[in-house]
file my_file27.txt (compact mmCIF, C-alpha atoms)
# COMPACT_ATOMS: atom_id res chain seq x y z
CA MET C 1 0.00 0.00 0.00
CA SER C 2 1.25 3.48 -0.75
CA TYR C 3 -0.26 6.77 0.28
CA VAL C 4 0.07 10.01 -1.61
CA ALA C 5 -0.50 13.52 -0.26
CA ARG C 6 -0.48 16.83 -2.10
CA SER C 7 2.32 19.11 -0.96
CA LYS C 8 1.32 22.44 0.51
CA GLN C 9 4.35 24.01 -1.18
CA VAL C 10 2.81 24.05 -4.64
CA ALA C 11 0.61 26.36 -6.66
CA ALA C 12 -2.26 24.74 -8.54
CA ARG C 13 -5.25 25.76 -10.58
CA MET C 14 -7.69 24.14 -12.99
CA LEU C 15 -7.39 25.51 -16.50
CA GLY C 16 -10.15 24.04 -18.60
CA GLU C 17 -10.01 20.32 -17.93
CA GLU C 18 -6.35 20.28 -16.95
CA MET C 19 -4.67 21.11 -13.69
CA VAL C 20 -1.70 23.49 -13.81
CA ILE C 21 0.78 22.87 -11.01
CA MET C 22 4.02 24.59 -10.10
CA SER C 23 6.54 23.03 -7.78
CA GLY C 24 7.44 25.23 -4.84
CA ARG C 25 10.83 23.55 -4.69
CA ASP C 26 12.15 24.15 -8.19
CA SER C 27 9.40 26.11 -10.00
CA THR C 28 8.87 23.27 -12.46
CA LEU C 29 5.55 23.70 -14.18
CA PHE C 30 3.28 20.76 -15.02
CA THR C 31 -0.09 20.38 -16.64
CA LEU C 32 -1.98 17.29 -15.55
CA SER C 33 -4.30 15.37 -17.83
CA PRO C 34 -7.85 14.75 -16.59
CA VAL C 35 -6.77 11.29 -15.28
CA ALA C 36 -3.75 12.72 -13.47
CA THR C 37 -5.93 15.55 -12.15
CA ALA C 38 -8.34 13.00 -10.68
CA ILE C 39 -5.43 11.31 -8.87
CA TRP C 40 -4.08 14.68 -7.67
CA ASN C 41 -7.47 15.74 -6.32
CA ALA C 42 -7.87 12.47 -4.44
CA ALA C 43 -4.32 12.47 -3.01
CA ASP C 44 -5.35 13.26 0.57
CA GLY C 45 -2.64 11.19 2.25
CA GLN C 46 -5.27 8.90 3.75
CA THR C 47 -6.58 7.01 0.75
CA PRO C 48 -4.24 4.33 -0.63
CA LEU C 49 -3.13 4.96 -4.21
CA GLU C 50 -4.54 1.57 -5.20
CA ARG C 51 -8.01 2.65 -4.05
CA ILE C 52 -7.71 6.03 -5.75
CA VAL C 53 -6.87 4.27 -9.00
CA GLU C 54 -9.80 1.85 -8.66
CA GLU C 55 -12.38 4.45 -7.66
CA ARG C 56 -11.25 7.57 -9.53
CA VAL C 57 -9.46 6.22 -12.58
CA CYS C 58 -10.69 2.73 -13.52
CA GLU C 59 -14.35 3.54 -12.93
CA GLU C 60 -14.42 7.04 -14.36
CA PHE C 61 -12.05 6.61 -17.29
CA GLU C 62 -12.63 2.90 -18.11
CA VAL C 63 -8.99 1.81 -17.88
CA ASP C 64 -7.85 -1.61 -16.68
CA ARG C 65 -6.53 -1.69 -13.14
CA GLU C 66 -3.01 -3.00 -13.84
CA THR C 67 -2.19 -0.42 -16.51
CA ALA C 68 -3.78 2.41 -14.56
CA LEU C 69 -1.89 1.53 -11.36
CA ALA C 70 1.47 1.30 -13.16
CA ASP C 71 0.85 4.66 -14.84
CA ALA C 72 -0.27 6.20 -11.55
CA GLN C 73 2.82 4.95 -9.71
CA ALA C 74 5.11 6.38 -12.38
CA PHE C 75 3.19 9.66 -12.35
CA VAL C 76 3.28 10.15 -8.57
CA ALA C 77 6.96 9.18 -8.47
CA GLU C 78 7.73 11.94 -10.99
CA LEU C 79 5.69 14.46 -9.02
CA ALA C 80 7.41 13.39 -5.80
CA GLU C 81 10.81 14.13 -7.37
CA HIS C 82 9.72 17.76 -7.70
CA GLY C 83 8.21 17.90 -4.22
CA ILE C 84 4.67 18.16 -5.60
CA VAL C 85 3.40 15.12 -3.70
CA LEU C 86 4.63 13.12 -0.75
CA ILE C 87 4.61 9.32 -0.94
CA SER C 88 4.63 7.05 2.10
CA GLU C 89 3.94 3.47 3.07
CA GLN C 90 1.86 4.88 5.94
CA PRO C 91 -1.07 7.31 5.87
CA ILE C 92 0.19 10.90 5.80
CA THR C 93 -1.34 13.44 8.18
CA MET V 1 9.85 27.30 -15.54
CA SER V 2 9.42 25.72 -18.96
CA GLY V 3 9.06 28.48 -21.58
CA GLN V 4 7.25 26.26 -24.07
CA LEU V 5 4.76 24.96 -21.50
CA MET V 6 4.24 28.49 -20.21
CA MET V 7 3.37 29.60 -23.74
CA GLU V 8 0.91 26.72 -24.10
CA ILE V 9 -0.73 27.62 -20.80
CA GLY V 10 -0.96 31.26 -21.86
CA THR V 11 -2.54 30.28 -25.20
CA LYS V 12 -5.06 28.08 -23.46
CA ALA V 13 -5.92 30.80 -20.94
CA LEU V 14 -6.46 33.18 -23.86
CA GLU V 15 -8.77 30.71 -25.60
CA LEU V 16 -10.74 30.16 -22.42
CA GLY V 17 -10.81 33.85 -21.45
CA VAL V 18 -9.06 33.18 -18.15
CA PRO V 19 -7.23 35.95 -16.24
CA LEU V 20 -4.18 33.77 -15.69
CA SER V 21 -2.22 36.53 -14.01
CA ALA V 22 -3.48 39.18 -11.59
CA HIS V 23 -1.51 42.08 -10.17
CA PHE V 24 -3.11 43.21 -6.91
CA ASP V 25 -1.78 46.36 -5.24
CA LEU V 26 -2.71 45.87 -1.59
CA THR V 27 -1.90 49.46 -0.72
CA TRP V 28 -0.46 52.55 -2.34
CA ARG V 29 1.00 53.68 0.97
CA CYS V 30 4.77 53.40 1.03
CA ASN V 31 7.70 53.88 3.37
CA GLU V 32 9.82 55.23 0.51
CA ARG V 33 9.17 58.25 -1.68
CA CYS V 34 10.85 57.26 -4.93
CA ILE V 35 11.25 60.19 -7.22
CA HIS V 36 9.96 58.26 -10.27
CA CYS V 37 6.95 56.65 -8.58
CA TYR V 38 3.62 56.84 -10.44
CA LEU V 39 1.41 56.51 -7.36
CA ASP V 40 -0.32 58.78 -4.89
CA HIS V 41 0.59 57.44 -1.44
CA GLU V 42 -2.40 58.70 0.53
CA ASP V 43 -4.75 56.04 1.88
CA ARG V 44 -8.13 56.89 0.40
CA GLY V 45 -9.94 53.88 1.86
CA GLU V 46 -8.05 50.81 0.76
CA VAL V 47 -9.60 47.35 0.72
CA THR V 48 -10.10 45.66 4.09
CA THR V 49 -8.81 42.21 4.94
CA THR V 50 -12.26 40.76 4.33
CA GLU V 51 -12.51 42.50 0.97
CA VAL V 52 -9.04 41.30 -0.05
CA LYS V 53 -9.93 37.70 0.83
CA ASP V 54 -13.17 37.94 -1.10
CA ILE V 55 -11.35 39.30 -4.16
CA LEU V 56 -8.76 36.52 -3.91
CA GLU V 57 -11.52 33.92 -3.79
CA GLN V 58 -13.10 35.44 -6.87
CA LEU V 59 -9.78 35.47 -8.71
CA ALA V 60 -9.15 31.82 -7.81
CA ALA V 61 -12.64 30.90 -9.05
CA ALA V 62 -11.95 32.80 -12.28
CA GLY V 63 -8.82 30.68 -12.82
CA THR V 64 -6.04 33.08 -11.85
CA PHE V 65 -2.82 31.16 -11.20
CA PHE V 66 -0.14 33.85 -10.96
CA LEU V 67 -0.81 36.45 -8.27
CA ILE V 68 1.44 39.47 -7.85
CA LEU V 69 1.02 41.19 -4.48
CA SER V 70 2.45 44.65 -4.71
CA GLY V 71 1.96 48.29 -3.81
CA GLY V 72 2.99 50.87 -2.59
CA GLU V 73 4.79 48.80 -0.05
CA PRO V 74 2.55 45.76 0.60
CA VAL V 75 4.42 44.69 3.73
CA MET V 76 3.24 47.90 5.41
CA ARG V 77 -0.20 46.36 5.73
CA LYS V 78 -0.64 44.82 9.17
CA ASP V 79 -2.54 41.94 7.58
CA PHE V 80 0.08 41.34 4.87
CA PHE V 81 1.08 37.86 6.06
CA GLU V 82 -2.53 36.91 6.70
CA ILE V 83 -3.26 37.84 3.08
CA VAL V 84 -0.27 35.89 1.75
CA GLU V 85 -1.29 32.89 3.84
CA TYR V 86 -4.81 33.07 2.47
CA ALA V 87 -3.54 33.43 -1.09
CA ARG V 88 -1.40 30.34 -0.63
CA GLN V 89 -4.32 28.40 0.82
CA LEU V 90 -6.10 29.25 -2.42
CA MET V 91 -3.07 27.77 -4.21
CA PHE V 92 -1.94 30.86 -6.12
CA SER V 93 1.64 31.10 -7.30
CA VAL V 94 2.52 34.23 -5.34
CA LYS V 95 5.07 36.86 -6.30
CA VAL V 96 5.67 39.70 -3.83
CA LYS V 97 7.01 43.05 -5.01
CA THR V 98 8.55 44.98 -2.15
CA ASN V 99 11.32 47.42 -1.30
CA GLY V 100 12.41 45.02 1.46
CA ILE V 101 12.70 47.72 4.12
CA LEU V 102 10.44 45.80 6.51
CA ILE V 103 11.80 42.34 5.72
CA ARG V 104 14.12 40.91 8.31
CA GLU V 105 14.90 37.31 9.27
CA ARG V 106 11.49 36.61 10.75
CA GLU V 107 9.57 37.99 7.78
CA ALA V 108 11.83 36.15 5.32
CA ALA V 109 11.26 32.89 7.21
CA ARG V 110 7.50 33.43 7.11
CA LEU V 111 7.57 34.01 3.34
CA ARG V 112 9.53 30.78 2.99
CA GLU V 113 7.01 28.88 5.15
CA LEU V 114 4.22 30.20 2.96
CA ALA V 115 6.04 29.00 -0.17
CA VAL V 116 6.01 32.34 -1.94
CA GLU V 117 7.32 31.71 -5.44
CA VAL V 118 9.49 34.79 -5.82
CA VAL V 119 10.19 38.14 -4.18
CA GLN V 120 11.06 41.11 -6.37
CA ILE V 121 12.98 43.94 -4.79
CA SER V 122 13.89 47.28 -6.30
CA VAL V 123 17.53 48.34 -6.19
CA TYR V 124 18.40 51.50 -8.08
CA SER V 125 22.13 51.69 -7.53
CA HIS V 126 25.01 49.93 -5.79
CA ARG V 127 25.89 53.34 -4.34
CA ALA V 128 23.95 54.18 -1.19
CA ALA V 129 24.04 57.89 -1.93
CA VAL V 130 22.35 57.35 -5.31
CA HIS V 131 19.84 54.71 -4.22
CA ASP V 132 18.87 56.59 -1.07
CA ALA V 133 18.50 59.85 -3.01
CA ILE V 134 16.05 58.11 -5.36
CA THR V 135 14.02 56.52 -2.52
CA LYS V 136 14.43 59.63 -0.32
CA VAL V 137 15.07 57.33 2.65
CA PRO V 138 18.56 57.44 4.21
CA GLY V 139 19.87 53.94 4.84
CA SER V 140 17.35 52.32 2.48
CA LEU V 141 19.93 50.58 0.28
CA GLU V 142 21.49 48.88 3.28
CA ARG V 143 18.11 47.70 4.57
CA THR V 144 17.02 46.55 1.13
CA LEU V 145 20.19 44.55 0.55
CA ASN V 146 19.88 43.03 4.01
CA ALA V 147 16.37 41.91 3.04
CA VAL V 148 17.78 40.26 -0.08
CA ARG V 149 20.29 38.41 2.10
CA PHE V 150 17.60 37.29 4.58
CA LEU V 151 15.40 36.04 1.76
CA ARG V 152 18.27 34.21 0.07
CA GLY V 153 19.21 32.77 3.46
CA GLN V 154 15.80 31.15 3.48
CA GLY V 155 16.37 29.77 0.00
CA LEU V 156 13.78 32.03 -1.58
CA LYS V 157 14.02 33.05 -5.19
CA VAL V 158 14.72 36.81 -5.42
CA ILE V 159 14.75 39.19 -8.36
CA ILE V 160 16.52 42.52 -8.09
CA ALA V 161 14.67 44.94 -10.35
CA GLY V 162 16.27 48.16 -11.41
CA VAL V 163 14.60 51.14 -13.01
CA MET V 164 16.97 53.26 -15.06
CA MET V 165 16.72 57.00 -14.89
CA ARG V 166 19.08 59.93 -15.27
CA GLN V 167 20.05 59.73 -11.60
CA ASN V 168 21.45 56.20 -11.80
CA LEU V 169 22.50 56.06 -15.45
CA GLY V 170 25.55 53.83 -15.74
CA ASP V 171 25.08 52.07 -12.39
CA HIS V 172 23.19 49.06 -13.69
CA LYS V 173 26.28 46.97 -14.45
CA GLU V 174 27.40 47.23 -10.85
CA VAL V 175 23.89 46.41 -9.60
CA GLN V 176 23.87 43.43 -11.93
CA LYS V 177 27.22 42.35 -10.49
CA LEU V 178 25.85 42.78 -6.98
CA ALA V 179 22.84 40.63 -7.88
CA ARG V 180 25.18 37.93 -9.15
CA GLU V 181 27.18 38.05 -5.92
CA LEU V 182 23.97 37.74 -3.91
CA GLY V 183 22.84 34.79 -6.03
CA VAL V 184 19.71 36.48 -7.36
CA SER V 185 18.33 37.41 -10.76
CA PHE V 186 18.49 40.90 -12.19
CA GLN V 187 15.99 42.74 -14.36
CA LEU V 188 16.34 46.23 -15.75
CA ASP V 189 13.61 48.52 -16.98
CA PRO V 190 14.51 51.77 -18.73
CA THR V 191 10.90 53.02 -18.76
CA ILE V 192 9.59 55.72 -16.49
CA THR V 193 5.81 55.87 -16.64
CA PRO V 194 3.53 58.88 -16.08
CA LYS V 195 1.72 59.07 -12.75
CA LEU V 196 -1.62 57.33 -12.70
CA ASP V 197 -3.33 60.70 -12.31
CA GLY V 198 -1.86 61.75 -15.66
CA ASP V 199 0.98 63.90 -14.28
CA THR V 200 3.87 63.54 -16.73
CA SER V 201 6.47 65.55 -14.80
CA VAL V 202 8.30 62.34 -13.82
CA LEU V 203 9.05 61.67 -17.50
CA ASP V 204 11.88 64.20 -17.24
CA LEU V 205 13.73 61.47 -15.34
CA ARG V 206 13.84 59.20 -18.39
CA ILE V 207 17.29 58.32 -19.64
CA PRO V 208 18.29 59.96 -22.94
CA ASP V 209 17.48 57.98 -26.09
CA SER V 210 21.19 57.91 -26.85
CA ALA V 211 21.71 55.56 -23.87
CA LEU V 212 19.27 52.94 -25.16
CA PRO V 213 21.28 51.22 -27.97
CA GLU V 214 24.04 50.21 -25.55
CA LEU V 215 21.48 48.60 -23.25
CA PHE V 216 19.81 46.70 -26.06
CA ARG V 217 23.15 45.41 -27.33
CA ASP V 218 24.08 44.03 -23.89
CA GLY V 219 23.62 40.27 -24.09
CA SER V 220 23.64 39.95 -20.31
CA LEU V 221 20.44 42.01 -20.26
CA VAL V 222 18.60 40.99 -23.41
CA GLY V 223 19.92 37.53 -24.25
CA ASP V 224 20.77 37.20 -27.94
CA ALA V 225 21.30 40.87 -28.85
CA ASP V 226 21.13 40.28 -32.64
CA GLU V 227 17.82 38.50 -32.27
CA PHE V 228 16.54 41.10 -29.81
CA CYS V 229 17.39 43.98 -32.12
CA ALA V 230 16.22 42.42 -35.38
CA PRO V 231 12.85 43.70 -36.62
CA ALA V 232 10.31 40.91 -36.96
CA GLU V 233 8.71 40.29 -40.33
CA VAL V 234 5.47 42.18 -40.80
CA ASP V 235 2.86 40.07 -42.57
CA ALA V 236 -0.91 39.73 -42.35
CA SER V 237 -0.74 37.26 -39.46
CA ALA V 238 1.57 39.57 -37.49
CA LEU V 239 -1.00 42.35 -37.82
CA GLU V 240 -3.69 40.13 -36.35
CA ALA V 241 -1.64 39.65 -33.18
CA LEU V 242 -2.73 41.04 -29.83
CA PRO V 243 -0.91 44.15 -28.60
CA CYS V 244 -0.20 42.55 -25.19
CA SER V 245 -1.78 40.35 -22.52
CA ALA V 246 -3.46 43.22 -20.61
CA GLY V 247 -7.18 42.51 -20.41
CA HIS V 248 -6.72 39.19 -22.22
CA THR V 249 -4.99 36.98 -19.67
CA ALA V 250 -3.77 39.65 -17.25
CA VAL V 251 -5.60 42.03 -14.97
CA TYR V 252 -4.82 44.64 -12.34
CA ILE V 253 -6.70 45.47 -9.12
CA SER V 254 -6.01 48.63 -7.15
CA PRO V 255 -6.15 49.03 -3.33
CA TYR V 256 -9.55 50.64 -3.89
CA ALA V 257 -10.85 47.57 -5.76
CA ASP V 258 -10.72 49.29 -9.15
CA VAL V 259 -10.09 46.89 -12.01
CA PHE V 260 -7.78 47.94 -14.84
CA PRO V 261 -6.40 45.86 -17.73
CA CYS V 262 -2.89 46.36 -16.29
CA VAL V 263 -1.06 48.41 -13.66
CA GLN V 264 0.30 50.57 -16.50
CA PHE V 265 -3.10 50.83 -18.18
CA PRO V 266 -5.36 52.80 -15.82
CA LEU V 267 -8.52 52.46 -17.89
CA PRO V 268 -11.39 52.12 -15.39
CA THR V 269 -13.34 48.95 -16.20
CA GLY V 270 -15.21 48.34 -12.94
CA ASN V 271 -14.98 48.26 -9.17
CA LEU V 272 -15.16 45.14 -7.00
CA ARG V 273 -16.96 46.98 -4.22
CA GLN V 274 -19.92 47.29 -6.56
CA GLN V 275 -19.49 44.37 -8.93
CA LYS V 276 -18.28 40.80 -8.98
CA PHE V 277 -14.91 40.23 -10.59
CA LEU V 278 -16.20 37.99 -13.38
CA GLU V 279 -18.89 40.52 -14.22
CA VAL V 280 -16.18 43.14 -14.81
CA TRP V 281 -13.78 40.73 -16.50
CA ARG V 282 -16.32 39.32 -18.93
CA ASP V 283 -18.82 42.11 -19.46
CA SER V 284 -17.09 45.46 -18.98
CA PRO V 285 -17.42 47.41 -22.27
CA GLN V 286 -14.00 48.96 -21.66
CA MET V 287 -12.34 45.57 -21.09
CA ASN V 288 -14.00 44.25 -24.22
CA GLU V 289 -12.88 47.28 -26.18
CA VAL V 290 -9.28 46.58 -25.16
CA ARG V 291 -9.75 42.94 -26.14
CA GLY V 292 -11.00 43.88 -29.57
CA ILE V 293 -7.82 45.74 -30.56
CA ARG V 294 -5.40 44.03 -32.94
CA LEU V 295 -2.10 45.43 -34.22
CA SER V 296 -3.85 46.15 -37.53
CA ASP V 297 -6.16 48.57 -35.66
CA LEU V 298 -3.30 50.78 -34.47
CA HIS V 299 -3.58 53.70 -36.83
CA ALA V 300 0.02 54.92 -36.65
CA CYS V 301 1.77 51.71 -35.62
CA SER V 302 0.21 49.30 -38.12
CA SER V 303 2.24 50.91 -40.91
CA CYS V 304 5.47 50.94 -38.89
CA GLY V 305 8.29 48.56 -39.73
CA ASN V 306 8.73 47.85 -36.03
CA VAL V 307 5.13 46.80 -35.41
CA ALA V 308 5.72 43.07 -35.12
CA SER V 309 8.57 43.35 -32.64
CA CYS V 310 7.76 46.59 -30.82
CA SER V 311 7.31 46.53 -27.06
CA ARG V 312 4.49 49.08 -27.51
CA CYS V 313 2.57 49.37 -24.25
CA PRO V 314 -1.12 50.07 -24.86
CA GLY V 315 -1.34 51.50 -21.35
CA LEU V 316 1.35 54.08 -22.02
CA ALA V 317 -0.38 54.88 -25.31
CA TYR V 318 -3.64 55.32 -23.39
CA MET V 319 -1.91 57.67 -20.96
CA GLU V 320 -0.64 59.65 -23.94
CA GLY V 321 -4.25 60.06 -25.02
CA ASP V 322 -5.08 57.18 -27.37
CA MET V 323 -5.04 53.46 -26.59
CA ARG V 324 -4.80 52.78 -30.35
CA GLY V 325 -1.99 55.26 -30.79
CA PRO V 326 1.77 54.92 -30.35
CA SER V 327 3.56 54.92 -27.02
CA SER V 328 6.41 57.37 -27.49
CA ALA V 329 8.71 55.60 -25.02
CA ASP V 330 8.32 52.38 -27.00
CA CYS V 331 8.84 54.19 -30.33
CA ASP V 332 12.17 55.35 -28.94
CA LYS V 333 13.05 51.88 -27.69
CA SER V 334 12.13 50.21 -30.97
CA PHE V 335 14.20 52.71 -32.93
CA ALA V 336 17.14 52.07 -30.61
CA ARG V 337 16.79 48.35 -31.24
CA THR V 338 16.18 48.17 -34.97
CA GLY V 339 17.18 51.56 -36.38
CA ILE V 340 13.81 51.77 -38.15
CA LEU V 341 12.07 55.11 -37.80
CA SER V 342 8.44 54.90 -36.75
CA PRO V 343 5.89 57.20 -38.47
CA ARG V 344 5.74 59.20 -35.23
CA LYS V 345 9.50 59.66 -35.05
CA ARG V 346 9.70 60.42 -38.77
CA ALA V 347 7.04 63.11 -38.41
CA ALA V 348 8.93 64.57 -35.46
CA LEU V 349 12.15 64.70 -37.49
CA VAL V 350 10.37 66.39 -40.41
CA GLN V 351 8.97 68.95 -38.01
CA ILE V 352 12.44 69.65 -36.63
CA ALA V 353 13.82 70.01 -40.18
CA ILE V 354 11.08 72.45 -41.09

call {"tool": "encode", "arguments": {"input": "my_file27.txt", "output": "structure tokens"}}
result
Amino acid sequence: MSYVARSKQVAARMLGEEMVIMSGRDSTLFTLSPVATAIWNAADGQTPLERIVEERVCEEFEVDRETALADAQAFVAELAEHGIVLISEQPIT
Amino acid sequence: MSGQLMMEIGTKALELGVPLSAHFDLTWRCNERCIHCYLDHEDRGEVTTTEVKDILEQLAAAGTFFLILSGGEPVMRKDFFEIVEYARQLMFSVKVKTNGILIREREAARLRELAVEVVQISVYSHRAAVHDAITKVPGSLERTLNAVRFLRGQGLKVIIAGVMMRQNLGDHKEVQKLARELGVSFQLDPTITPKLDGDTSVLDLRIPDSALPELFRDGSLVGDADEFCAPAEVDASALEALPCSAGHTAVYISPYADVFPCVQFPLPTGNLRQQKFLEVWRDSPQMNEVRGIRLSDLHACSSCGNVASCSRCPGLAYMEGDMRGPSSADCDKSFARTGILSPRKRAALVQIAI
């Protein structure tokens, strides 16, 4: 199980259907696709990533679980490198 | 920040009609009295904390991502940090423009905690006598540079911004060097703007035109000088371009809740004490008039060889009497870059010859 929490050090805003995010650590700018935005919005530090993928990605975007989870893990790992999310094996408060 | 991605975001904001960037002057009061300043520093009933928070909520709902908190001196407001904290809760990317006089270790640490993106500080000269004479505050350079050090000590990104005028002409290279030593960026602006009330007396401070070519040939200031100084090709598509982002993806809000297209474009479009932000942004006839202007609509500039690369500021043109007319400061700058005479400058030369 892994838990993902949005960092409070970022700037973020919806622009159309995409989320624009800027890292507070290195000012890297990202735009998130609707799928990635759904993961970002659900990243409360309390819900396991696996459940986020099942409930917010597989159901809403009709993607198979294995592919969606692999993509989600790669996506959150990249965001974590820029300090945009925190990842932990334990729930994050 | 990725330049390409930033352009894509700007294009999308334009398509969607989103005010991506908002400049909010929290106060026009100031603890300096800079000789070139365009503001009236009296408090004529500036927005309250509650009003500021409401405006920020409206901007966030409208899609604003980049928020510039400025003044006057914004840190003079007792609720300044409360406002920054609220802005960050609303997830804005916050830039603070300040003179730094009130920023010490504690304030710098608080800005770091609040994850402010960047702090811009004005430094007019490396020489205290010159800087302090411009701000009219003895000891201001020392306090300002200390603020830069405190902010850098917290790991914050800092920009030293210089305005060039006759008083500090020639000092910018040393200020640039100082910025490098302090580990911060440096920006230079050779434009003095009229006061917002229309008073043009400050324009006497502008540097002489003869000093401009050297600036525009300085790669450390403009990047690739050849590219910067080359006139862009003028074709039909160039003439359909927008004059600038003011009123399209950028907006300005005064401490009295007045909404203008830009801080340099004081065209009244509405007031947030009487109207909702989106009502002004979407429906103001003045804002929509600004939005309707294309380069081809500029009666003097559309026939100018500099039109596609000119830094023409529609706000400065407006302050000269016609938002579709030329901005004389930008005519001078374009001529210094490209050597191409604008119709306005040509007419002026003919008049002199006669």

call {"tool": "residues_around", "arguments": {"input": "my_file27.txt", "residues": "region 129-138 of chain V", "least_positions_apart": "4", "cutoff": "12 Å", "atoms": "all atoms listed in the file", "output": "PDB file with C-alpha atoms, keeping the file's coordinate frame"}}
result
ATOM      1  CA  CYS V  30       4.770  53.400   1.030  1.00  0.00           C
ATOM      2  CA  ASN V  31       7.700  53.880   3.370  1.00  0.00           C
ATOM      3  CA  GLU V  32       9.820  55.230   0.510  1.00  0.00           C
ATOM      4  CA  ARG V  33       9.170  58.250  -1.680  1.00  0.00           C
ATOM      5  CA  CYS V  34      10.850  57.260  -4.930  1.00  0.00           C
ATOM      6  CA  ILE V  35      11.250  60.190  -7.220  1.00  0.00           C
ATOM      7  CA  HIS V  36       9.960  58.260 -10.270  1.00  0.00           C
ATOM      8  CA  CYS V  37       6.950  56.650  -8.580  1.00  0.00           C
ATOM      9  CA  ASN V  99      11.320  47.420  -1.300  1.00  0.00           C
ATOM     10  CA  ILE V 101      12.700  47.720   4.120  1.00  0.00           C
ATOM     11  CA  SER V 122      13.890  47.280  -6.300  1.00  0.00           C
ATOM     12  CA  VAL V 123      17.530  48.340  -6.190  1.00  0.00           C
ATOM     13  CA  TYR V 124      18.400  51.500  -8.080  1.00  0.00           C
ATOM     14  CA  SER V 125      22.130  51.690  -7.530  1.00  0.00           C
ATOM     15  CA  GLU V 142      21.490  48.880   3.280  1.00  0.00           C
ATOM     16  CA  ARG V 143      18.110  47.700   4.570  1.00  0.00           C
ATOM     17  CA  THR V 144      17.020  46.550   1.130  1.00  0.00           C
ATOM     18  CA  LEU V 145      20.190  44.550   0.550  1.00  0.00           C
ATOM     19  CA  GLY V 162      16.270  48.160 -11.410  1.00  0.00           C
ATOM     20  CA  VAL V 163      14.600  51.140 -13.010  1.00  0.00           C
ATOM     21  CA  MET V 164      16.970  53.260 -15.060  1.00  0.00           C
ATOM     22  CA  MET V 165      16.720  57.000 -14.890  1.00  0.00           C
ATOM     23  CA  ARG V 166      19.080  59.930 -15.270  1.00  0.00           C
ATOM     24  CA  GLN V 167      20.050  59.730 -11.600  1.00  0.00           C
ATOM     25  CA  ASN V 168      21.450  56.200 -11.800  1.00  0.00           C
ATOM     26  CA  LEU V 169      22.500  56.060 -15.450  1.00  0.00           C
ATOM     27  CA  GLY V 170      25.550  53.830 -15.740  1.00  0.00           C
ATOM     28  CA  ASP V 171      25.080  52.070 -12.390  1.00  0.00           C
ATOM     29  CA  HIS V 172      23.190  49.060 -13.690  1.00  0.00           C
ATOM     30  CA  VAL V 175      23.890  46.410  -9.600  1.00  0.00           C
ATOM     31  CA  LEU V 205      13.730  61.470 -15.340  1.00  0.00           C
TER      32      LEU V 205
END

call {"tool": "interface_residues", "arguments": {"input": "my_file27.txt", "of": "chain C", "to": "chain V", "cutoff": "8 Å", "atoms": "only C-alpha atoms", "output": "PyMOL selection string"}}
result
chain C and resi 9-16+22+24+27-30

call {"tool": "atom_distance", "arguments": {"input": "my_file27.txt", "atom1": "CA of Leu86 (chain C)", "atom2": "CA of Gly183 (chain V)"}}
result
28.8 Å

call {"tool": "axis_aligned_box", "arguments": {"input": "my_file27.txt", "around": "region 209-219 of chain V", "padding_each_side": "3 Å", "output": "AutoDock Vina command-line options"}}
result
--center_x 20.8 --center_y 49.1 --center_z -25.6 --size_x 12.6 --size_y 23.7 --size_z 10.7

call {"tool": "closest_residue", "arguments": {"input": "my_file27.txt", "among": "V:Leu221, V:Ala336, V:Cys331, V:Leu298", "to": "Arg312 (chain V)", "atoms": "all atoms listed in the file"}}
result
V:Cys331

call {"tool": "atom_distance", "arguments": {"input": "my_file27.txt", "atom1": "CA of Leu182 (chain V)", "atom2": "CA of Leu212 (chain V)"}}
result
26.5 Å

call {"tool": "build_atoms", "arguments": {"input": "my_file27.txt", "residues": "region 284-292 of chain V", "atoms": "N, CA and C atoms", "output": "PDB file, in the frame of the given file"}}
result
ATOM      1  N   SER V 284     -17.398  44.026 -18.925  1.00  0.00           N
ATOM      2  CA  SER V 284     -17.090  45.460 -18.980  1.00  0.00           C
ATOM      3  C   SER V 284     -16.886  45.908 -20.430  1.00  0.00           C
ATOM      4  N   PRO V 285     -17.602  46.927 -20.881  1.00  0.00           N
ATOM      5  CA  PRO V 285     -17.420  47.410 -22.270  1.00  0.00           C
ATOM      6  C   PRO V 285     -15.979  47.860 -22.512  1.00  0.00           C
ATOM      7  N   GLN V 286     -15.375  48.465 -21.474  1.00  0.00           N
ATOM      8  CA  GLN V 286     -14.000  48.960 -21.660  1.00  0.00           C
ATOM      9  C   GLN V 286     -13.026  47.779 -21.823  1.00  0.00           C
ATOM     10  N   MET V 287     -13.217  46.744 -20.989  1.00  0.00           N
ATOM     11  CA  MET V 287     -12.340  45.570 -21.090  1.00  0.00           C
ATOM     12  C   MET V 287     -12.512  44.918 -22.458  1.00  0.00           C
ATOM     13  N   ASN V 288     -13.755  44.863 -22.914  1.00  0.00           N
ATOM     14  CA  ASN V 288     -14.000  44.250 -24.220  1.00  0.00           C
ATOM     15  C   ASN V 288     -13.485  45.109 -25.371  1.00  0.00           C
ATOM     16  N   GLU V 289     -13.469  46.415 -25.152  1.00  0.00           N
ATOM     17  CA  GLU V 289     -12.880  47.280 -26.180  1.00  0.00           C
ATOM     18  C   GLU V 289     -11.382  46.997 -26.312  1.00  0.00           C
ATOM     19  N   VAL V 290     -10.715  46.891 -25.152  1.00  0.00           N
ATOM     20  CA  VAL V 290      -9.280  46.580 -25.160  1.00  0.00           C
ATOM     21  C   VAL V 290      -9.043  45.242 -25.864  1.00  0.00           C
ATOM     22  N   ARG V 291      -9.910  44.277 -25.544  1.00  0.00           N
ATOM     23  CA  ARG V 291      -9.750  42.940 -26.140  1.00  0.00           C
ATOM     24  C   ARG V 291      -9.944  42.925 -27.655  1.00  0.00           C
ATOM     25  N   GLY V 292     -10.703  43.873 -28.141  1.00  0.00           N
ATOM     26  CA  GLY V 292     -11.000  43.880 -29.570  1.00  0.00           C
ATOM     27  C   GLY V 292      -9.877  44.443 -30.421  1.00  0.00           C
TER      28      GLY V 292
END
